[in-house]
Amino acid sequence: MALVPIESAKTSHIRMTLNGEQTDVSFASYKTLLEVLREDLGHTGTKHGCELGECGACAVLLDGQPVLSCLVLALECDRRNILTVEGMSVDGRLHPLQDAFADLGAAQCGYCTPAILVTAKALLDENPHPNRDQIRQALSGNLCRCTGYLQIFEAVEAAVLKIAAQEHRAR
Amino acid sequence: MPNEKDQSIAPAEKPPAKDGKLRVIGVPRRRVDARAKVTGQTRFADDIFLPRMAHGKLLRSPHPHARIKRIDTSRALAHPGVYLVLTGRDLPIHYGILPVSEDEQALCLDRVRHVGDPIAAVIAREELTAFEALDLIDVDYEILATISDPEEALATPEPRIHDYGDQGNIHKRVALEFGNVDESFPQSDEVFEDIFFYQGSTHLPIEQHASVAIKDPDGKLTIWSSTQTPHYLHKALAKTLEIPPAHIRVIATPNGGGFGGKSDPFHHEIVVSKAALALDRPVKICLTREEVFYCHRGRHPVLMKFKTGVKKDGTITAMHLQTLIDGGAYGSYGVASTFYTGALQTTTYHIPRYKFQGCRTFTNKPPCGPKRGHGTVQPRFGQEVQLDKIAEKLKIDPAELRLRIVESPHTVTANYMRLATVNLSECIRRVVKSSGWNQKFRKLPEGRGIGLACSAYLTGAGLPIYWNKMPHSGVQLKLDRGGGVTIFCGATEIGQGSDDTLAAIVAEVLGVTTFDIRVYTGDTDLGPVDLGSYSSRVTLMAGNAAIQAAERAKEMLAEAVAQRLEVPKDRLRFQDNRVFDSAEPEKGVKFPEAVVLAESRFGTIGTVGSYTPPKSPALYKGGGVGPSPTYSYSAAVIEVEVHPATGWITVPKVWIAHDIGRALNPTLVRGQIEGGVYMGLGEALMEEQEFRRLPKKLSHVLVHKFPSMLEYKSPTSLDMPDVFTDLVEEPDPRGPFGAKEVGQGPLLPIMPAVANAVYDAIGVRIDEVPITPEKILKALAEKKAGRAPRFGPTCFPPVTWPESLRVPPPWEGGDGNAVNEPHLEPRQDRDKVLRS
């Protein structure tokens with residue numbers, strides 16, 4: 001059977017909200033959200049470690065929920081809301097999770113970090129005061145080979161306190 | 001920002017530095033590259049996208065051993081979107097990380113030796129197009145017999161996997177004897193013989209290896225690659241591409257985890273370079289996860305036999321260690337790995353006589369190489385478990401036994417490893433105390449147990465990989481009149497924090513903050529050579545080079561400022577971005593002004609520093625593996641719970657103490673220790689780089705049992721226990737600000753401590769790693785049946801060993817040379833070398 005070259009594949013077009021901005025993108029239809037983010041939109045903050053949904057390094061938030069972007073077709077993301085690590089800081093200031101990760105050694109090589117940060121953000125958005133077990137559970141799909149996870153847990157806990165303090169001041 | 005959360009680190013006493021309190025060193029601190037990492041801006045190799053960039057894929061062998069009879073690439077070349085197809089004929093020159101085993105080709109020319117060995121490469125407009133075209137390459141193979149393990153290799157000298165090596169399919173045999181152990185065994189009160197097996201495991205960095213190469217506008221080559229060893233890659237590219245090194249620029253991108261797995265020059269790095277030059281456009285290759293498993297270079301599977309003689313009080317009289325090593329299909333670091341399986345036994349406890357025999361065989365599996373703890377992890381497991389058995393037999397508490405026999409600081413061991421500071425005893429005392437050892441050992445209820453183990457590790461290999469007399473690390477420093485300080489160094493950031501270490505050291509010496517410093521590393525064009533991020537060498541070697549460069553710059557600034565302020569130079573202090581008179585602190589200049597004064601007087605301010613390790617007293621052949629400027633020490637206590645019905649093991653808590661000399665950035669140090677504990681628990685309990693034969697009716701092929709991150713089990717956030725980390729800080733005179741290594745050592749005691757804890761919990765010995773529920777249940781069944789309550793290997797196959805090189809230990813009149821080989825160094829050096 002003759003091979004149909006991938007080069008002949010049609011391109012698709014979607015409009016989504018990426019990190020708060022309306023974003024239009026055309027891409028080869030077979031591409032995953034991970035590939036479109038990295039290759040077509042230049043958002044290389046999201047990483048990959050297997051492209052099989054095993055390591056968790058490609059997690060992004062899709063309508064606020066963590067998903068593995070290597071398992072999501074970009075075509076499924078039309079009119080939906082995507083948050084990547086590039087969208088975590090607000091007004092040029094790091095998100096408290098980012099600050100805490102940087103201060104407390106939660107990022108060593110930094111490769112799994114973007115996915116862990118957005119996954120932790122999804123946790124805190126839903127549960128502002130998670131205990132250690134809930135943090136362990138929420139991050140159990142994100143492999144980290146460097147840290148042994150403990151400084152990551154501590155950074156999430158530090159961010160919880162920092163966010164609470166910020167909200168207290170704002171009231 | 002100070003790290004207030006670091007409360008699990010015990011406070012350490014720090015002796016005052018010459019010019020007062022340390023401001024940067026020893027302070028828990030955000031690392032210099034942290035912001036880039038938490039914003040996703042760290043640019044890893046696969047994050048590089050260049051205009052007109054093409055993508056490459058490698059065709060890899062489906063056979064573990066075969067002759068390539070014919071390759072036809074015409075269909076692939078005709079596929080739409082394909083630019084180039086390369087085969088072995090395009091890159092025939094052999095290379096390899098060690099000069100003694102240059103046995104690899106970027107694309108196999110006439111023979112494949114393991115599943116995954118690359119044969120051809122396709123470069124195309126799209127990555128998927130390159131993938132597609134791999135199926136269009138036609139290869140005729142002649143299938144050859146395969147060898148799956150060392151015992152088969154010993155029994156099957158023909159056909160040979162390589163036509164070099166010691167004999168048949170034996171790659172390397174070594175035999176060293178430091179004093180007559182056979183004379184000592186009969187004089188011992190007890191002699192213990194134990195056989196252990198350590199299964200191989202792989203690095204599993206989350207980042208897959210990736211490289212991007214371009215032909216520069218002026219025709220030279222630049223490659224960005226996730227490599228831990230840009231300098232060695234530089235050499236391999238020059239050799240295989242036949243281009244002068246001066247026309248090649250290697251940029252090691254920050255590695256998304258290394259652990260030793262990115263320390264060899266790799267096929268894809270050479271292919272991507274060749275393709276970029278041929279096409280005159282950027283080319284990228286990023287390996288799939290499956291390819292990463294087949295590239296491997298990880299932990300060697302090792303069978304070990306320990307024969308150890310002791311006196312009733314636990315004193316060791318002699319040790320004889322034999323190792324049989326599964327090397328996989330290529331040399332890689334294997335000759336060094338072989339020596340490493342016998343090099344460090346003497347560095348923890350005093351062993352007056354020591355014999356080591358090691359044998360590495362070729363097998364038709366991905367090559368093994370260096371993984372965190374390189375070659376020393378497996379025998380440390382055996383030694384520490386055997387010591388636990390010895391303690392039990394002699395009715396001595398295992399902690400007490402170790403305290404009795406710990407080797408002395410500033411001594412030369414039986415195999416001529418020269419130790420500097422040794423704080424292993426303090427490490428043992430700390431974990432005994434913090435873990436409540438005395439209340440728990442042999443006292444916990446059935447099913448719960450506690451185990452202790454210790455280790456030592458190099459702070460940098462004492463010799464380079466290829467013989468030369470040049471420095472192992474160099475640093476260049478540039479000071480600009482705006483007060484900026486720029487560090488250039490070949491060191492490679494693999495996540496361990498080497499950029500931060502360099503910045504911290506220079507900031508401390510010059511009295512500025514790390515934010516005032518820019519660090520350019522891992523680039524062969526920009527910085528002087530650093531040999532690479534392996535053997536835990538960067539902090540000590542690049543760190544000492546950085547101190548030298550910074551001190552030289554400081555000297556120039558001090559000279560100029562002293563003249564301006566009219567105060568004696570030695571009264572000046574560099575602190576808080578000022579240079580001032582320590583007797584009259586308000587009298588001083590800001591740091592940028594100090595640079596202006598110095599530049600006005602001396603011209604452009606640039607300094608260099610370099611570091612060469614001290615000469616080793618181990619002068620015998622093979623003595624080049626093991627020496628280090630100084631060694632770190634660790635002790636760990638681990639508590640386990642073993643379910644008697646399922647054999648399932650859980651680890652609720654780990655206590656570890658590490659003799660680090662001085663923690664330059666305690667936040668990072670703790671991260672390295674916890675990361676080492678984590679990786680050690682993975683090896684102890686679940687990780688296996690294992691191969692199986694497909695059924696004979698299919699193909700009988702040797703394939704990886706589970707080349708995926710789902711099935712290659714590694715600990716998740718749910719599995720990681722709490723860790724209590726204790727730092728023992730006695731600054732080592734050889735280390736920068738007294739620092740010793742921390743990247744590898746803390747992994748080593750974990751596996752034996754788990755095995756010893758399992759014995760304490762349920763009374764069975766698992767003399768094998770990983771310690772899985774299946775093995776526990778088998779050992780429990782043996783125990784129930786009244787047989788030896790043990791799971792592990794029972795025999796060590798016969799190996800024809802070469803005559804041992806006989807090197808009398810220092811206390812038997814030895815001078816570091818073998819008595820039965822030609823002397824490599826003049827004997828009159830003896831006293832000087834032993835004392836220096």
# chains A, B, ... in the order shown; residues from 1 in each chain; ligands from 1
>>> select_by_dssp(residues="segment 277-405 of chain B", states="alpha helix (DSSP H)", output="ChimeraX atom specification")
/B:277-279,289-295,334-343,377-394,398-405
>>> write_last_selection(atoms="C-alpha atoms", output="JSON list (two decimals), in the first residue's frame")
[["chain", "number", "residue", "atom", "x", "y", "z"],
["B", 277, "LEU", "CA", 27.02, 20.95, 7.32],
["B", 278, "ALA", "CA", 25.80, 18.97, 4.33],
["B", 279, "LEU", "CA", 22.49, 20.81, 3.99],
["B", 289, "ARG", "CA", 11.69, 8.22, 25.10],
["B", 290, "GLU", "CA", 12.10, 4.72, 23.71],
["B", 291, "GLU", "CA", 15.36, 5.78, 22.06],
["B", 292, "VAL", "CA", 16.57, 7.19, 25.38],
["B", 293, "PHE", "CA", 16.06, 3.77, 26.95],
["B", 294, "TYR", "CA", 18.06, 2.17, 24.13],
["B", 295, "CYS", "CA", 20.90, 4.74, 24.32],
["B", 334, "GLY", "CA", 33.27, 0.66, 30.93],
["B", 335, "VAL", "CA", 36.99, 0.34, 31.58],
["B", 336, "ALA", "CA", 36.72, 3.10, 34.18],
["B", 337, "SER", "CA", 33.49, 1.55, 35.53],
["B", 338, "THR", "CA", 35.32, -1.76, 35.96],
["B", 339, "PHE", "CA", 38.06, -0.18, 38.06],
["B", 340, "TYR", "CA", 35.45, 1.82, 39.98],
["B", 341, "THR", "CA", 33.76, -1.39, 41.16],
["B", 342, "GLY", "CA", 36.90, -2.00, 43.19],
["B", 343, "ALA", "CA", 38.34, 1.44, 43.85],
["B", 377, "VAL", "CA", 27.23, 1.90, 43.97],
["B", 378, "GLN", "CA", 27.03, -1.85, 43.36],
["B", 379, "PRO", "CA", 30.01, -2.92, 45.51],
["B", 380, "ARG", "CA", 29.01, -0.44, 48.20],
["B", 381, "PHE", "CA", 25.70, -2.27, 48.41],
["B", 382, "GLY", "CA", 27.45, -5.60, 48.85],
["B", 383, "GLN", "CA", 29.99, -4.31, 51.33],
["B", 384, "GLU", "CA", 27.45, -2.58, 53.55],
["B", 385, "VAL", "CA", 25.06, -5.54, 53.59],
["B", 386, "GLN", "CA", 27.91, -7.91, 54.37],
["B", 387, "LEU", "CA", 28.98, -5.63, 57.21],
["B", 388, "ASP", "CA", 25.46, -5.92, 58.62],
["B", 389, "LYS", "CA", 25.82, -9.71, 58.53],
["B", 390, "ILE", "CA", 29.23, -9.49, 60.17],
["B", 391, "ALA", "CA", 27.87, -7.29, 62.95],
["B", 392, "GLU", "CA", 25.09, -9.75, 63.65],
["B", 393, "LYS", "CA", 27.41, -12.74, 63.76],
["B", 394, "LEU", "CA", 29.88, -10.92, 66.02],
["B", 398, "PRO", "CA", 26.11, -2.31, 63.29],
["B", 399, "ALA", "CA", 26.62, 1.36, 64.11],
["B", 400, "GLU", "CA", 29.15, 0.53, 66.82],
["B", 401, "LEU", "CA", 30.99, -1.86, 64.49],
["B", 402, "ARG", "CA", 31.34, 0.81, 61.85],
["B", 403, "LEU", "CA", 32.50, 3.41, 64.36],
["B", 404, "ARG", "CA", 35.29, 1.02, 65.39],
["B", 405, "ILE", "CA", 36.65, 0.59, 61.88]]
>>> residues_around(residues="Leu61 of chain A", least_positions_apart="2", cutoff="12 Å", atoms="only C-alpha atoms", output="PyMOL selection string")
chain A and resi 17-19+33-34+46+58-59+63-69+72+77+80-88+114-123+125
>>> residues_around(residues="segment 804-817 of chain B", least_positions_apart="5", cutoff="6 Å", atoms="only C-alpha atoms", output="short mmCIF file (atom, residue, chain, number, x, y, z; two decimals) with C-alpha atoms, in the first residue's frame")
data_model
loop_
_atom_site.label_atom_id
_atom_site.label_comp_id
_atom_site.auth_asym_id
_atom_site.auth_seq_id
_atom_site.Cartn_x
_atom_site.Cartn_y
_atom_site.Cartn_z
CA ALA B 175 43.41 -7.84 39.07
CA LEU B 176 45.07 -5.84 41.82
CA GLU B 177 46.41 -7.08 45.13
CA PHE B 178 47.46 -4.81 47.96
CA GLY B 179 49.10 -7.17 50.43
CA ALA B 414 45.86 0.13 51.10
CA PRO B 617 50.20 8.30 45.22
CA ALA B 618 48.54 5.44 43.28
CA LEU B 619 51.27 4.91 40.69
CA TYR B 620 50.35 1.37 39.63
CA ARG B 830 57.62 8.00 47.25
#
>>> interface_residues(of="chain A", to="chain B", cutoff="6 Å", atoms="only C-alpha atoms", output="list in words")
Thr44, Gly45, Gly49, Cys50, Glu54, Gln98, Ala102, Asp103, Gly105, Gln108, Cys109, Gly110, Tyr111, Pro114, Arg136, Ser140, Cys146, Thr147, Gly148 and Tyr149 of chain A
>>> write_last_selection(atoms="N, CA and C atoms", output="short mmCIF file (atom, residue, chain, number, x, y, z; two decimals), in the first residue's frame")
data_model
loop_
_atom_site.label_atom_id
_atom_site.label_comp_id
_atom_site.auth_asym_id
_atom_site.auth_seq_id
_atom_site.Cartn_x
_atom_site.Cartn_y
_atom_site.Cartn_z
N THR A 44 7.56 27.65 24.34
CA THR A 44 8.38 26.47 24.64
C THR A 44 8.50 26.22 26.14
N GLY A 45 7.82 27.00 26.95
CA GLY A 45 7.85 26.77 28.40
C GLY A 45 7.29 25.40 28.77
N GLY A 49 8.45 14.82 27.97
CA GLY A 49 9.43 13.81 28.38
C GLY A 49 9.15 12.46 27.78
N CYS A 50 7.98 12.30 27.15
CA CYS A 50 7.66 10.98 26.60
C CYS A 50 6.69 11.07 25.44
N GLU A 54 2.88 9.80 30.00
CA GLU A 54 3.42 9.03 31.12
C GLU A 54 4.14 9.87 32.17
N GLN A 98 5.57 30.45 41.82
CA GLN A 98 6.86 30.59 41.12
C GLN A 98 7.92 31.12 42.07
N ALA A 102 11.26 29.05 43.29
CA ALA A 102 12.60 29.59 43.08
C ALA A 102 13.36 29.71 44.39
N ASP A 103 12.68 30.15 45.43
CA ASP A 103 13.37 30.38 46.71
C ASP A 103 13.74 29.09 47.43
N GLY A 105 14.27 25.90 46.29
CA GLY A 105 14.96 24.78 45.64
C GLY A 105 14.05 23.78 44.96
N GLN A 108 15.21 22.10 40.21
CA GLN A 108 16.64 21.82 40.04
C GLN A 108 16.99 21.95 38.57
N CYS A 109 16.77 20.90 37.78
CA CYS A 109 17.04 21.09 36.35
C CYS A 109 15.96 21.96 35.72
N GLY A 110 14.79 22.00 36.33
CA GLY A 110 13.74 22.90 35.85
C GLY A 110 12.90 22.36 34.73
N TYR A 111 13.12 21.12 34.36
CA TYR A 111 12.45 20.59 33.17
C TYR A 111 11.00 20.18 33.48
N PRO A 114 7.65 23.62 34.86
CA PRO A 114 6.47 24.33 34.33
C PRO A 114 5.18 23.54 34.53
N ARG A 136 0.63 15.89 47.57
CA ARG A 136 1.24 14.67 47.01
C ARG A 136 0.33 14.08 45.94
N SER A 140 0.93 13.68 41.74
CA SER A 140 1.41 12.31 41.57
C SER A 140 1.55 11.91 40.10
N CYS A 146 14.90 14.95 39.85
CA CYS A 146 15.99 15.64 40.57
C CYS A 146 15.73 15.80 42.06
N THR A 147 14.55 16.27 42.42
CA THR A 147 14.39 16.84 43.76
C THR A 147 14.04 15.84 44.84
N GLY A 148 13.42 14.71 44.45
CA GLY A 148 12.84 13.88 45.50
C GLY A 148 11.56 14.48 46.05
N TYR A 149 11.02 15.45 45.36
CA TYR A 149 9.69 16.05 45.59
C TYR A 149 9.54 16.89 46.87
#
>>> select_by_dssp(residues="segment 328-576 of chain B", states="strand (DSSP E)", output="ChimeraX atom specification")
/B:354-361,448-458,473-479,485-489,517-521,572-575
>>> write_last_selection(atoms="N, CA and C atoms", output="compact mmCIF listing (two decimals), in the first residue's frame")
# COMPACT_ATOMS: atom_id res chain seq x y z
N TYR B 354 43.95 -5.84 50.69
CA TYR B 354 42.79 -5.77 49.82
C TYR B 354 43.14 -6.32 48.45
N LYS B 355 42.26 -7.19 47.94
CA LYS B 355 42.47 -7.74 46.60
C LYS B 355 41.21 -7.50 45.79
N PHE B 356 41.39 -7.07 44.56
CA PHE B 356 40.24 -6.78 43.71
C PHE B 356 40.44 -7.41 42.33
N GLN B 357 39.41 -8.14 41.89
CA GLN B 357 39.42 -8.68 40.54
C GLN B 357 38.10 -8.30 39.88
N GLY B 358 38.18 -7.66 38.74
CA GLY B 358 36.96 -7.23 38.04
C GLY B 358 36.98 -7.67 36.59
N CYS B 359 35.81 -8.00 36.08
CA CYS B 359 35.72 -8.47 34.70
C CYS B 359 34.47 -7.89 34.05
N ARG B 360 34.66 -7.16 32.97
CA ARG B 360 33.52 -6.60 32.23
C ARG B 360 33.36 -7.35 30.92
N THR B 361 32.16 -7.80 30.65
CA THR B 361 31.92 -8.54 29.42
C THR B 361 31.03 -7.73 28.48
N ARG B 448 8.27 -4.36 60.91
CA ARG B 448 8.90 -3.03 60.85
C ARG B 448 10.38 -3.19 61.18
N GLY B 449 11.20 -2.43 60.48
CA GLY B 449 12.63 -2.58 60.72
C GLY B 449 13.40 -1.33 60.40
N ILE B 450 14.65 -1.34 60.80
CA ILE B 450 15.50 -0.17 60.59
C ILE B 450 16.88 -0.66 60.17
N GLY B 451 17.48 0.06 59.24
CA GLY B 451 18.79 -0.36 58.73
C GLY B 451 19.71 0.82 58.57
N LEU B 452 21.01 0.52 58.68
CA LEU B 452 22.02 1.57 58.59
C LEU B 452 23.02 1.20 57.50
N ALA B 453 23.48 2.19 56.77
CA ALA B 453 24.59 1.96 55.83
C ALA B 453 25.35 3.26 55.62
N CYS B 454 26.58 3.12 55.12
CA CYS B 454 27.47 4.26 54.95
C CYS B 454 28.09 4.24 53.55
N SER B 455 28.76 5.33 53.22
CA SER B 455 29.44 5.37 51.92
C SER B 455 30.40 6.53 51.85
N ALA B 456 31.17 6.51 50.76
CA ALA B 456 32.08 7.62 50.45
C ALA B 456 32.00 7.85 48.95
N TYR B 457 32.30 9.06 48.52
CA TYR B 457 32.36 9.28 47.08
C TYR B 457 33.40 10.35 46.72
N LEU B 458 33.87 10.25 45.50
CA LEU B 458 34.88 11.18 45.00
C LEU B 458 34.34 12.60 44.95
N SER B 473 39.94 22.38 34.96
CA SER B 473 38.90 23.40 34.89
C SER B 473 39.54 24.77 34.82
N GLY B 474 38.90 25.64 34.06
CA GLY B 474 39.39 27.01 33.94
C GLY B 474 38.24 27.99 34.03
N VAL B 475 38.54 29.17 34.58
CA VAL B 475 37.54 30.24 34.69
C VAL B 475 38.18 31.53 34.20
N GLN B 476 37.44 32.25 33.39
CA GLN B 476 37.85 33.61 33.02
C GLN B 476 36.84 34.56 33.63
N LEU B 477 37.36 35.70 34.08
CA LEU B 477 36.53 36.69 34.73
C LEU B 477 36.73 38.01 34.02
N LYS B 478 35.64 38.69 33.75
CA LYS B 478 35.71 40.01 33.14
C LYS B 478 34.99 40.99 34.05
N LEU B 479 35.66 42.09 34.40
CA LEU B 479 35.02 43.11 35.22
C LEU B 479 34.84 44.34 34.34
N VAL B 485 30.24 41.91 36.70
CA VAL B 485 31.24 40.85 36.72
C VAL B 485 30.70 39.70 35.86
N THR B 486 31.51 39.24 34.92
CA THR B 486 31.07 38.15 34.06
C THR B 486 32.01 36.97 34.22
N ILE B 487 31.39 35.79 34.41
CA ILE B 487 32.16 34.55 34.57
C ILE B 487 32.03 33.75 33.28
N PHE B 488 33.14 33.29 32.75
CA PHE B 488 33.14 32.38 31.61
C PHE B 488 33.79 31.08 32.05
N CYS B 489 33.08 29.98 31.86
CA CYS B 489 33.63 28.68 32.30
C CYS B 489 32.96 27.58 31.51
N ILE B 517 26.26 39.39 38.93
CA ILE B 517 27.16 38.54 38.14
C ILE B 517 26.40 37.89 36.99
N ARG B 518 27.04 37.85 35.85
CA ARG B 518 26.51 37.04 34.74
C ARG B 518 27.40 35.82 34.58
N VAL B 519 26.76 34.70 34.26
CA VAL B 519 27.50 33.45 34.15
C VAL B 519 27.30 32.87 32.75
N TYR B 520 28.38 32.68 32.02
CA TYR B 520 28.31 32.02 30.72
C TYR B 520 29.06 30.70 30.81
N THR B 521 28.31 29.61 30.69
CA THR B 521 28.96 28.31 30.90
C THR B 521 28.63 27.35 29.76
N LEU B 572 42.03 46.43 53.42
CA LEU B 572 40.80 46.61 52.63
C LEU B 572 39.88 45.42 52.78
N ARG B 573 38.59 45.73 52.79
CA ARG B 573 37.59 44.65 52.82
C ARG B 573 36.64 44.83 51.63
N PHE B 574 36.30 43.71 51.00
CA PHE B 574 35.34 43.71 49.90
C PHE B 574 34.02 43.16 50.44
N GLN B 575 33.03 44.02 50.53
CA GLN B 575 31.78 43.59 51.16
C GLN B 575 30.65 44.55 50.79
>>> residues_around(residues="His247 of chain B", least_positions_apart="4", cutoff="9 Å", atoms="only C-alpha atoms", output="list of chain:residue names")
B:Gly219, B:Lys220, B:Leu221, B:Thr222, B:Ala238, B:Ile243
>>> residues_around(residues="Trp655 of chain B", least_positions_apart="6", cutoff="9 Å", atoms="only C-alpha atoms", output="JSON, numbers by chain")
{"B": [430, 431, 432, 434, 435, 635, 636, 637, 638, 639, 722, 723, 724, 725, 726]}
>>> write_last_selection(atoms="N, CA and C atoms", output="PDB file, in the first residue's frame")
ATOM      1  N   ARG B 430      25.393  11.093  64.121  1.00  0.00           N
ATOM      2  CA  ARG B 430      24.218  11.958  63.902  1.00  0.00           C
ATOM      3  C   ARG B 430      22.969  11.161  63.525  1.00  0.00           C
ATOM      4  N   VAL B 431      23.133  10.191  62.588  1.00  0.00           N
ATOM      5  CA  VAL B 431      21.916   9.450  62.187  1.00  0.00           C
ATOM      6  C   VAL B 431      21.451   8.490  63.274  1.00  0.00           C
ATOM      7  N   VAL B 432      22.396   7.986  64.057  1.00  0.00           N
ATOM      8  CA  VAL B 432      22.009   7.124  65.178  1.00  0.00           C
ATOM      9  C   VAL B 432      21.137   7.926  66.143  1.00  0.00           C
ATOM     10  N   SER B 434      19.500  10.975  65.514  1.00  0.00           N
ATOM     11  CA  SER B 434      18.261  11.544  64.966  1.00  0.00           C
ATOM     12  C   SER B 434      17.210  10.467  64.706  1.00  0.00           C
ATOM     13  N   SER B 435      17.651   9.252  64.368  1.00  0.00           N
ATOM     14  CA  SER B 435      16.682   8.208  64.032  1.00  0.00           C
ATOM     15  C   SER B 435      16.168   7.461  65.262  1.00  0.00           C
ATOM     16  N   ALA B 635      26.105   8.759  55.860  1.00  0.00           N
ATOM     17  CA  ALA B 635      25.522   7.648  56.616  1.00  0.00           C
ATOM     18  C   ALA B 635      24.016   7.822  56.581  1.00  0.00           C
ATOM     19  N   ALA B 636      23.296   6.711  56.397  1.00  0.00           N
ATOM     20  CA  ALA B 636      21.833   6.787  56.342  1.00  0.00           C
ATOM     21  C   ALA B 636      21.221   5.707  57.202  1.00  0.00           C
ATOM     22  N   VAL B 637      20.136   6.082  57.854  1.00  0.00           N
ATOM     23  CA  VAL B 637      19.297   5.104  58.537  1.00  0.00           C
ATOM     24  C   VAL B 637      17.931   5.155  57.869  1.00  0.00           C
ATOM     25  N   ILE B 638      17.400   3.981  57.549  1.00  0.00           N
ATOM     26  CA  ILE B 638      16.112   3.913  56.863  1.00  0.00           C
ATOM     27  C   ILE B 638      15.187   2.982  57.622  1.00  0.00           C
ATOM     28  N   GLU B 639      13.952   3.440  57.763  1.00  0.00           N
ATOM     29  CA  GLU B 639      12.944   2.603  58.404  1.00  0.00           C
ATOM     30  C   GLU B 639      12.032   2.036  57.323  1.00  0.00           C
ATOM     31  N   ASP B 722       9.463  11.098  54.087  1.00  0.00           N
ATOM     32  CA  ASP B 722      10.114  12.258  54.689  1.00  0.00           C
ATOM     33  C   ASP B 722      11.594  11.935  54.891  1.00  0.00           C
ATOM     34  N   VAL B 723      12.410  12.950  54.736  1.00  0.00           N
ATOM     35  CA  VAL B 723      13.857  12.767  54.890  1.00  0.00           C
ATOM     36  C   VAL B 723      14.367  13.799  55.882  1.00  0.00           C
ATOM     37  N   PHE B 724      15.103  13.322  56.864  1.00  0.00           N
ATOM     38  CA  PHE B 724      15.773  14.263  57.759  1.00  0.00           C
ATOM     39  C   PHE B 724      17.225  14.365  57.332  1.00  0.00           C
ATOM     40  N   THR B 725      17.608  15.557  56.923  1.00  0.00           N
ATOM     41  CA  THR B 725      18.947  15.767  56.375  1.00  0.00           C
ATOM     42  C   THR B 725      19.810  16.516  57.377  1.00  0.00           C
ATOM     43  N   ASP B 726      20.983  15.988  57.609  1.00  0.00           N
ATOM     44  CA  ASP B 726      21.899  16.591  58.568  1.00  0.00           C
ATOM     45  C   ASP B 726      23.231  16.836  57.850  1.00  0.00           C
TER      46      ASP B 726
END
>>> atom_distance(atom1="atom CA of Gln322 of chain B", atom2="atom CA of Thr156 of chain B")
20.4 Å
>>> atom_distance(atom1="atom CA of Leu698 of chain B", atom2="atom CA of Tyr141 of chain B")
16.2 Å
>>> atom_distance(atom1="atom CA of Arg790 of chain B", atom2="atom CA of Arg765 of chain B")
4.5 Å
>>> closest_residue(among="A:Leu143, A:Thr32, A:Arg15, A:His95", to="Gln166 of chain A", atoms="only C-alpha atoms")
A:His95
>>> closest_residue(among="A:Gly56, A:Val90, A:Asp24, A:Lys31", to="Ala138 of chain A", atoms="only C-alpha atoms")
A:Gly56
